[in-house]
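Heads up, the thing below is written out as structure tokens.
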Amino acid sequence: MSNDLLFDFTVDKTAKKVFITREFAAGLSLVWDAFTKAELLDQWVAPAPMYCKTKYMDFRVGGKRFYSMVSPEGLERWALQTYTSITPKTNFQMYNCFADKDENPQLPGSEWDHNFSEQNGITKVNITIYNESLERMEGILEGFRIGFVMSLENLENLLSTLSK
């Protein structure tokens with residue numbers, strides 16, 4: 001990560017929330033697309049050595065994304081996202097939960113709120129994640145933190161390639 005770009009990962013266990021702020025040296029439209037188009041999401045969202053594969057994605061209010069992160073051994077960890085609000089280029093919200101391969105949700109899940117802004121060619125993404133269950137949040141937090149940081153580094157590299 002470029003040293004002059006903001007990155008913050010804060011946990012508030014009392015509120016059952018995770019706050020992530022990350023800046024990227026890329027335009028707003030490109031960063032927005034990286035978060036909202038399956039063909040781009042699949043290139044960055046899984047931490048190595050895993051990879052991501054989207055079975056389907058319908059980015060509209062009420063639409064869903066069903067995808068898995070696949071380990072080098074071929075083990076799949078499925079997730080289901082339902083888009084609850086979309087304001088193009090500035091915000092989208094979704095409900096996220098793990099699922100089985102047949103799309104049966106494994107509750108409880110979490111509510112994600114993504115906010116995007118750009119200033120002087122730097123795009124800032126603020127993500128707030130509300131976890132329905134503190135126990136679930138505590139159980140996945142450390143692995144999530146490590147994996148999400150790696151994924152955001154993947155995104156930075158992808159954006160650098162796409163910006164050329």
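Identifiers in the structure tokens: chain A, B, ... in order shown; residue index from 1 per chain; ligand index from 1 in order shown.
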
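Those residues of segment 2-130 of chain A that DSSP, working from the backbone, places in helix (DSSP H, G or I) are Leu28, Ser29, Leu30, Val31, Trp32, Asp33, Ala34, Phe35, Thr36, Ala38, Glu39, Leu40, Leu41, Asp42, Gln43 and Trp44 of chain A.
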
Find the residues around Asn104 of chain A up to 10 Å (only C-alpha atoms counted), leave out those fewer than 5 positions away in its own chain, and share them as a JSON list (two decimals) with N, CA and C atoms, in the first residue's frame.
```json
[["chain", "number", "residue", "atom", "x", "y", "z"],
["A", 78, "TRP", "N", -19.04, -20.60, 0.81],
["A", 78, "TRP", "CA", -20.04, -19.81, 0.11],
["A", 78, "TRP", "C", -20.56, -18.65, 0.95],
["A", 79, "ALA", "N", -20.96, -17.59, 0.28],
["A", 79, "ALA", "CA", -21.59, -16.44, 0.93],
["A", 79, "ALA", "C", -22.69, -15.91, 0.03],
["A", 80, "LEU", "N", -23.68, -15.32, 0.66],
["A", 80, "LEU", "CA", -24.83, -14.75, -0.03],
["A", 80, "LEU", "C", -24.97, -13.30, 0.40],
["A", 97, "CYS", "N", -24.23, -12.99, 4.50],
["A", 97, "CYS", "CA", -24.18, -14.14, 5.40],
["A", 97, "CYS", "C", -23.50, -15.30, 4.69],
["A", 98, "PHE", "N", -22.94, -16.19, 5.49],
["A", 98, "PHE", "CA", -22.42, -17.42, 4.93],
["A", 98, "PHE", "C", -23.60, -18.26, 4.46],
["A", 99, "ALA", "N", -23.33, -19.18, 3.56],
["A", 99, "ALA", "CA", -24.39, -20.04, 3.03],
["A", 99, "ALA", "C", -23.77, -21.38, 2.64]]
```

Subject >> Counting only C-alpha atoms, the residue of A:Met57, A:Ala38, A:Val11, A:Val45 that sits nearest Asn157 of chain A >> reply: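 Once distances to Asn157 of chain A are computed over only C-alpha atoms, the minimum belongs to A:Val45.
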
Original post:
Any idea what's packed within 8 Å of segment 128-137 of chain A, counting only C-alpha atoms, ignoring anything in its chain fewer than 3 positions away? Could you give it as a list in words?
Top reply: Lys13, Ala15, Lys16, Lys17, Val18, Phe19, Ile20, Pro108, Gly109, Ser110, Glu111, Trp112, Asp113, His114, Ile140 and Leu141 of chain A
